[in-house]
file model.txt (compact mmCIF, C-alpha atoms)
# COMPACT_ATOMS: atom_id res chain seq x y z
CA MET A 267 50.52 -2.25 -41.17
CA ARG A 268 50.45 -2.68 -44.91
CA VAL A 269 52.60 -4.61 -47.41
CA GLU A 270 53.13 -3.37 -50.96
CA ARG A 271 55.09 -5.17 -53.67
CA ASP A 272 56.95 -3.05 -56.23
CA ASP A 273 57.34 -4.05 -59.88
CA ASP A 274 60.97 -4.99 -59.22
CA GLY A 275 59.89 -7.41 -56.46
CA GLN A 276 60.96 -5.45 -53.43
CA VAL A 277 58.52 -5.31 -50.55
CA ARG A 278 57.62 -2.09 -48.78
CA LEU A 279 56.18 -2.31 -45.28
CA ARG A 280 54.08 0.76 -44.60
CA ASN A 281 52.06 2.27 -41.76
CA LEU A 282 54.17 0.58 -39.13
CA GLY A 283 53.05 1.74 -35.70
CA PRO A 284 55.19 1.96 -32.54
CA LEU A 285 54.52 -1.65 -31.46
CA HIS A 286 55.31 -2.95 -34.96
CA VAL A 287 58.60 -1.04 -35.10
CA ASP A 288 59.62 -1.92 -31.56
CA THR A 289 58.88 -5.61 -32.20
CA LEU A 290 60.82 -5.72 -35.47
CA MET A 291 63.79 -3.90 -33.93
CA ARG A 292 63.99 -6.47 -31.13
CA MET A 293 64.02 -9.47 -33.45
CA PRO A 294 67.84 -9.70 -33.78
CA GLU A 295 68.18 -9.79 -29.99
CA TRP A 296 65.61 -12.56 -29.63
CA LEU A 297 67.09 -14.62 -32.45
CA GLN A 298 70.50 -14.49 -30.75
CA SER A 299 69.21 -15.53 -27.34
CA ASP A 300 71.53 -17.83 -25.38
CA ASP A 301 68.71 -19.03 -23.13
CA PRO A 302 68.60 -22.85 -23.17
CA ARG A 303 64.83 -22.79 -23.80
CA ALA A 304 65.34 -20.75 -26.95
CA ARG A 305 68.39 -22.76 -28.02
CA SER A 306 66.59 -26.08 -27.70
CA ARG A 307 63.75 -24.82 -29.90
CA LEU A 308 66.04 -23.33 -32.55
CA PHE A 309 68.20 -26.49 -32.53
CA PRO A 310 65.67 -29.31 -32.05
CA ALA A 311 66.73 -32.95 -31.70
CA ALA A 312 66.95 -34.69 -35.06
CA TYR A 313 67.42 -38.19 -33.63
CA THR A 314 66.19 -40.10 -30.61
CA ASP A 315 69.33 -42.27 -30.54
CA ALA A 316 71.94 -40.59 -28.31
CA ASP A 317 74.95 -41.37 -30.53
CA ASP A 318 73.19 -40.25 -33.71
CA LEU A 319 72.05 -37.09 -31.95
CA ALA A 320 75.58 -36.33 -30.74
CA ASP A 321 76.86 -36.69 -34.32
CA TRP A 322 74.05 -34.50 -35.57
CA GLN A 323 74.86 -31.79 -33.05
CA ARG A 324 78.53 -31.97 -33.98
CA TYR A 325 78.01 -31.67 -37.72
CA ALA A 326 74.68 -29.91 -38.33
CA HIS A 327 74.53 -27.36 -35.55
CA PRO A 328 77.47 -25.23 -36.71
CA ASP A 329 75.83 -24.90 -40.14
CA LEU A 330 72.48 -23.98 -38.57
CA ALA A 331 74.20 -21.45 -36.29
CA HIS A 332 75.91 -19.93 -39.31
CA LEU A 333 72.59 -19.73 -41.18
CA TYR A 334 70.89 -18.03 -38.22
CA ALA A 335 73.73 -15.55 -37.81
CA SER A 336 73.61 -14.67 -41.52
CA ARG A 337 69.87 -14.17 -41.26
CA VAL A 338 70.24 -11.82 -38.27
CA GLU A 339 72.83 -9.82 -40.17
CA LEU A 340 70.54 -9.58 -43.19
CA ILE A 341 67.42 -8.45 -41.33
CA SER A 342 69.49 -5.99 -39.31
CA THR A 343 70.62 -4.42 -42.58
CA ASP A 344 67.00 -4.08 -43.74
CA LEU A 345 65.89 -2.70 -40.37
CA ALA A 346 68.37 0.13 -40.89
CA SER A 347 66.09 1.30 -43.72
CA LEU A 348 63.27 2.06 -41.24
CA ASP A 349 62.10 5.57 -41.88
CA ALA A 350 59.09 7.78 -41.10
CA ASP A 351 56.50 7.74 -43.88
CA GLU A 352 54.11 10.50 -44.88
CA GLU A 353 51.45 9.45 -42.41
CA MET A 354 53.74 9.83 -39.41
CA THR A 355 54.13 6.12 -39.09
CA PHE A 356 57.14 4.14 -40.26
CA GLN A 357 58.06 2.24 -43.38
CA MET A 358 60.86 -0.05 -44.44
CA ILE A 359 61.97 -1.97 -47.51
CA ILE A 360 62.64 -5.69 -47.81
CA PRO A 361 64.55 -6.53 -51.01
CA ASP A 362 63.03 -9.38 -53.02
CA LYS A 363 65.92 -11.74 -52.31
CA HIS A 364 65.61 -11.16 -48.53
CA GLY A 365 61.95 -12.20 -48.36
CA ALA A 366 62.49 -15.86 -47.46
CA ALA A 367 64.97 -14.92 -44.75
CA TRP A 368 62.44 -12.51 -43.25
CA LEU A 369 59.71 -15.16 -43.18
CA SER A 370 61.98 -17.58 -41.35
CA ALA A 371 63.34 -14.91 -39.01
CA LEU A 372 59.80 -13.91 -38.05
CA ASN A 373 58.99 -17.55 -37.35
CA GLY A 374 62.16 -17.98 -35.29
CA ALA A 375 61.50 -14.84 -33.26
CA ARG A 376 57.93 -15.96 -32.51
CA LEU A 377 59.19 -19.37 -31.37
CA VAL A 378 61.87 -17.81 -29.16
CA LEU A 379 59.34 -15.55 -27.43
CA TYR A 380 57.00 -18.50 -26.92
CA SER A 381 59.84 -20.50 -25.36
CA LEU A 382 61.35 -17.73 -23.24
CA HIS A 383 58.01 -16.85 -21.66
CA ASP A 384 56.91 -20.45 -21.14
CA LEU A 385 53.70 -19.86 -23.04
CA THR A 386 51.16 -22.61 -23.64
CA VAL A 387 48.80 -23.67 -26.40
CA GLU A 388 45.98 -22.12 -24.37
CA ASP A 389 47.88 -18.81 -24.22
CA MET A 390 48.18 -18.83 -28.01
CA GLU A 391 44.42 -19.24 -28.32
CA THR A 392 43.62 -16.48 -25.82
CA ASP A 393 42.85 -12.90 -26.77
CA PRO A 394 45.78 -10.95 -25.25
CA ALA A 395 43.34 -8.33 -23.98
CA ASP A 396 41.69 -10.97 -21.79
CA LEU A 397 44.88 -11.67 -19.86
CA ASP A 398 45.50 -10.26 -16.38
CA ASP A 399 49.26 -10.48 -16.84
CA VAL A 400 50.41 -7.31 -18.64
CA ASP A 401 53.83 -8.72 -19.55
CA LYS A 402 52.30 -11.84 -21.08
CA GLU A 403 49.78 -9.69 -22.93
CA LEU A 404 52.58 -7.69 -24.55
CA VAL A 405 54.51 -10.84 -25.51
CA LEU A 406 51.42 -12.35 -27.11
CA LEU A 407 50.74 -9.11 -28.98
CA ARG A 408 54.29 -9.18 -30.35
CA ILE A 409 53.89 -12.83 -31.42
CA HIS A 410 50.63 -11.98 -33.19
CA VAL A 411 52.10 -8.87 -34.84
CA MET A 412 54.89 -10.98 -36.33
CA ALA A 413 52.36 -13.64 -37.42
CA TYR A 414 50.30 -10.98 -39.16
CA LEU A 415 53.37 -9.72 -40.98
CA GLN A 416 54.23 -13.29 -42.00
CA GLU A 417 50.74 -13.72 -43.44
CA LEU A 418 50.94 -10.41 -45.32
CA LEU A 419 54.32 -11.36 -46.79
CA ILE A 420 53.06 -14.79 -47.88
CA GLU A 421 49.95 -13.22 -49.42
CA ALA A 422 52.24 -10.81 -51.26
CA GLY A 423 54.01 -13.80 -52.81
CA VAL A 424 57.25 -13.50 -50.86
CA MET B 208 81.84 -67.15 -42.84
CA MET B 209 81.27 -70.52 -44.50
CA GLY B 210 78.88 -68.90 -46.95
CA TRP B 211 81.42 -66.35 -48.09
CA PHE B 212 84.18 -68.88 -48.59
CA GLY B 213 81.73 -71.25 -50.27
CA SER B 214 80.54 -68.54 -52.64
CA ALA B 215 84.02 -67.53 -53.65
CA ALA B 216 84.92 -71.11 -54.42
CA SER B 217 81.78 -72.17 -56.24
CA GLY B 218 81.03 -69.27 -58.59
CA VAL B 219 80.23 -65.61 -59.16
CA SER B 220 76.45 -65.65 -59.00
CA GLU B 221 76.09 -66.63 -55.35
CA SER B 222 78.67 -64.09 -54.31
CA THR B 223 76.87 -61.32 -56.22
CA GLU B 224 73.55 -62.20 -54.64
CA THR B 225 75.09 -62.09 -51.17
CA GLU B 226 76.67 -58.72 -51.84
CA GLN B 227 73.43 -57.29 -53.14
CA GLU B 228 71.59 -58.59 -50.10
CA THR B 229 74.21 -57.04 -47.84
CA ARG B 230 74.00 -53.67 -49.62
CA THR B 231 70.23 -53.66 -49.24
CA ARG B 232 70.48 -54.36 -45.54
CA LEU B 233 73.04 -51.59 -45.06
CA ALA B 234 70.86 -48.91 -46.61
CA PRO B 235 67.35 -49.00 -45.15
CA PRO B 236 65.16 -46.01 -45.91
CA TRP B 237 64.82 -43.16 -43.45
CA ASN B 238 61.76 -41.04 -42.82
CA VAL B 239 61.81 -37.27 -42.48
CA VAL B 240 59.23 -36.47 -39.82
CA VAL B 241 57.73 -33.06 -39.06
CA ARG B 242 55.91 -32.50 -35.76
CA ASP B 243 53.29 -29.91 -34.99
CA ASP B 244 53.95 -26.87 -32.85
CA PRO B 245 51.44 -24.31 -31.58
CA VAL B 246 53.29 -21.27 -32.93
CA THR B 247 54.24 -21.88 -36.55
CA LEU B 248 51.63 -20.74 -39.06
CA MET B 249 50.00 -23.31 -41.33
CA SER B 250 50.56 -21.13 -44.39
CA TYR B 251 54.25 -20.89 -43.51
CA VAL B 252 54.61 -24.68 -43.13
CA THR B 253 53.00 -25.16 -46.56
CA ARG B 254 55.36 -22.64 -48.07
CA VAL B 255 58.41 -24.35 -46.53
CA PHE B 256 57.36 -27.77 -47.91
CA ILE B 257 57.03 -26.26 -51.38
CA ARG B 258 60.39 -24.53 -51.10
CA VAL B 259 62.38 -27.41 -49.59
CA PHE B 260 60.91 -30.39 -51.47
CA GLY B 261 59.48 -28.74 -54.57
CA TYR B 262 56.08 -30.25 -53.75
CA THR B 263 52.93 -28.99 -55.43
CA GLU B 264 50.77 -26.71 -53.32
CA ILE B 265 48.15 -29.46 -53.05
CA LYS B 266 50.64 -32.01 -51.72
CA ALA B 267 52.28 -29.46 -49.41
CA LYS B 268 48.90 -28.49 -47.95
CA ARG B 269 47.88 -32.12 -47.48
CA LEU B 270 51.07 -32.84 -45.53
CA MET B 271 50.68 -29.63 -43.52
CA MET B 272 47.13 -30.64 -42.57
CA GLU B 273 48.39 -34.09 -41.56
CA VAL B 274 50.96 -32.45 -39.28
CA HIS B 275 48.27 -30.18 -37.85
CA HIS B 276 45.63 -32.85 -37.22
CA LYS B 277 47.77 -35.88 -36.34
CA GLY B 278 50.59 -34.02 -34.63
CA ARG B 279 53.19 -35.34 -37.08
CA ALA B 280 53.65 -36.47 -40.65
CA ILE B 281 56.26 -38.34 -42.67
CA VAL B 282 57.06 -35.79 -45.34
CA TRP B 283 59.80 -37.65 -47.20
CA THR B 284 61.38 -41.14 -47.25
CA GLY B 285 64.67 -42.18 -48.79
CA ALA B 286 68.40 -42.44 -48.32
CA ARG B 287 69.72 -41.34 -44.94
CA GLU B 288 72.19 -38.77 -46.23
CA GLU B 289 69.51 -37.04 -48.29
CA ALA B 290 67.06 -37.24 -45.39
CA GLU B 291 69.60 -35.50 -43.16
CA VAL B 292 69.97 -32.69 -45.70
CA TYR B 293 66.20 -32.23 -45.75
CA VAL B 294 65.96 -32.24 -41.95
CA GLN B 295 68.67 -29.62 -41.74
CA LYS B 296 66.84 -27.44 -44.26
CA LEU B 297 63.52 -27.83 -42.44
CA GLN B 298 65.13 -27.04 -39.10
CA GLY B 299 66.74 -24.02 -40.75
CA HIS B 300 63.19 -22.79 -41.34
CA HIS B 301 62.40 -23.63 -37.68
CA LEU B 302 60.17 -26.63 -38.30
CA LEU B 303 60.33 -29.49 -35.77
CA ALA B 304 61.94 -31.95 -38.17
CA SER B 305 63.65 -35.22 -37.28
CA LEU B 306 64.73 -38.56 -38.75
CA GLU B 307 63.49 -42.04 -37.96
CA PRO B 308 64.22 -45.40 -39.57
CA GLY B 309 61.70 -46.30 -42.25
CA GLN B 310 60.33 -49.69 -43.08
CA GLU B 311 62.61 -51.89 -45.18
call {"tool": "encode", "arguments": {"input": "model.txt", "output": "structure tokens"}}
result
Amino acid sequence: MRVERDDDGQVRLRNLGPLHVDTLMRMPEWLQSDDPRARSRLFPAAYTDADDLADWQRYAHPDLAHLYASRVELISTDLASLDADEEMTFQMIIPDKHGAAWLSALNGARLVLYSLHDLTVEDMETDPADLDDVDKELVLLRIHVMAYLQELLIEAGV
Amino acid sequence: MMGWFGSAASGVSESTETEQETRTRLAPPWNVVVRDDPVTLMSYVTRVFIRVFGYTEIKAKRLMMEVHHKGRAIVWTGAREEAEVYVQKLQGHHLLASLEPGQE
């Protein structure tokens, strides 16, 4: 996987392999998860006081939900640009103004996977190849793939 | 009650002082707190602090390291309404942000 920045600011992801593409394509589904574990991480408590928290949920959560839905729509649009590149891998374009949304969407998707699969701090520090659980290994690989892309985007000045 | 009536009867200055004192008590500062999580990248947290607060990279990194090493950091203190806006922005970037009363 490689990230190139054009003169006009748009970002081109190149040499995307099958796991990269499959992971990116699944992001909208993860970000829209209704699972309570995912919901509680995407909408964390802002107050410890029950009344303040209830007010917060009433007023802030609809705005956050709207933001997340807009973000899913935006990344889905960019994912539609996925195309084979000359090296028989895939490439896609992220417009300059979509960069921040992609960084946050990648973070959200990583958090959702972590929550849905009840992962632990120890899991995050384990080499996926050392795990006996194949499903967990794949989930960790996806989380690390998205982290790597986040790092590449930040290094590229997104 | 006696104080209020007394102030109104005896002059403006006492009344003004009481009102100012009351305003101060009604608006204590609030802290915006960010807690650590094992998933979110340190470079991403730094970037979010720069974007949301306009902090310098040095200040953003210092706060990020405080979150990482101490498990939490107060990243902003001020009026409650503004603190709520910041918390909403931070949560929008998926940081574990919350509010707590600050010290008066």
call {"tool": "residues_around", "arguments": {"input": "model.txt", "residues": "His327 of chain A", "least_positions_apart": "3", "cutoff": "10 Å", "atoms": "only C-alpha atoms", "output": "list in words"}}
result
Leu308, Phe309, Pro310, Asp321, Trp322, Gln323, Arg324, Leu330, Ala331, His332 and Leu333 of chain A; Gln295 and Gly299 of chain B
call {"tool": "closest_residue", "arguments": {"input": "model.txt", "among": "A:Asp362, A:Glu403, A:Asp317, A:Asp344", "to": "Val424 of chain A", "atoms": "all atoms listed in the file"}}
result
A:Asp362
call {"tool": "atom_distance", "arguments": {"input": "model.txt", "atom1": "atom CA of Asp393 of chain A", "atom2": "atom CA of Gly365 of chain A"}}
result
28.8 Å
call {"tool": "interface_residues", "arguments": {"input": "model.txt", "of": "chain A", "to": "chain B", "cutoff": "9 Å", "atoms": "all atoms listed in the file", "output": "JSON, numbers by chain"}}
result
{"A": [307, 308, 309, 310, 311, 312, 313, 314, 322, 326, 327, 329, 330, 333, 334, 367, 369, 370, 371, 373, 374, 376, 377, 380, 386, 387, 390, 409, 413, 416, 417, 420]}
call {"tool": "write_last_selection", "arguments": {"input": "model.txt", "atoms": "C-alpha atoms", "output": "mmCIF file, keeping the file's coordinate frame"}}
result
data_model
loop_
_atom_site.group_PDB
_atom_site.id
_atom_site.type_symbol
_atom_site.label_atom_id
_atom_site.label_comp_id
_atom_site.auth_asym_id
_atom_site.auth_seq_id
_atom_site.Cartn_x
_atom_site.Cartn_y
_atom_site.Cartn_z
ATOM 1 C CA ARG A 307 63.750 -24.820 -29.900
ATOM 2 C CA LEU A 308 66.040 -23.330 -32.550
ATOM 3 C CA PHE A 309 68.200 -26.490 -32.530
ATOM 4 C CA PRO A 310 65.670 -29.310 -32.050
ATOM 5 C CA ALA A 311 66.730 -32.950 -31.700
ATOM 6 C CA ALA A 312 66.950 -34.690 -35.060
ATOM 7 C CA TYR A 313 67.420 -38.190 -33.630
ATOM 8 C CA THR A 314 66.190 -40.100 -30.610
ATOM 9 C CA TRP A 322 74.050 -34.500 -35.570
ATOM 10 C CA ALA A 326 74.680 -29.910 -38.330
ATOM 11 C CA HIS A 327 74.530 -27.360 -35.550
ATOM 12 C CA ASP A 329 75.830 -24.900 -40.140
ATOM 13 C CA LEU A 330 72.480 -23.980 -38.570
ATOM 14 C CA LEU A 333 72.590 -19.730 -41.180
ATOM 15 C CA TYR A 334 70.890 -18.030 -38.220
ATOM 16 C CA ALA A 367 64.970 -14.920 -44.750
ATOM 17 C CA LEU A 369 59.710 -15.160 -43.180
ATOM 18 C CA SER A 370 61.980 -17.580 -41.350
ATOM 19 C CA ALA A 371 63.340 -14.910 -39.010
ATOM 20 C CA ASN A 373 58.990 -17.550 -37.350
ATOM 21 C CA GLY A 374 62.160 -17.980 -35.290
ATOM 22 C CA ARG A 376 57.930 -15.960 -32.510
ATOM 23 C CA LEU A 377 59.190 -19.370 -31.370
ATOM 24 C CA TYR A 380 57.000 -18.500 -26.920
ATOM 25 C CA THR A 386 51.160 -22.610 -23.640
ATOM 26 C CA VAL A 387 48.800 -23.670 -26.400
ATOM 27 C CA MET A 390 48.180 -18.830 -28.010
ATOM 28 C CA ILE A 409 53.890 -12.830 -31.420
ATOM 29 C CA ALA A 413 52.360 -13.640 -37.420
ATOM 30 C CA GLN A 416 54.230 -13.290 -42.000
ATOM 31 C CA GLU A 417 50.740 -13.720 -43.440
ATOM 32 C CA ILE A 420 53.060 -14.790 -47.880
#
call {"tool": "residues_around", "arguments": {"input": "model.txt", "residues": "Pro284 of chain A", "least_positions_apart": "4", "cutoff": "10 Å", "atoms": "all atoms listed in the file", "output": "NGL selection string"}}
result
:A and (288-290 or 355-356)
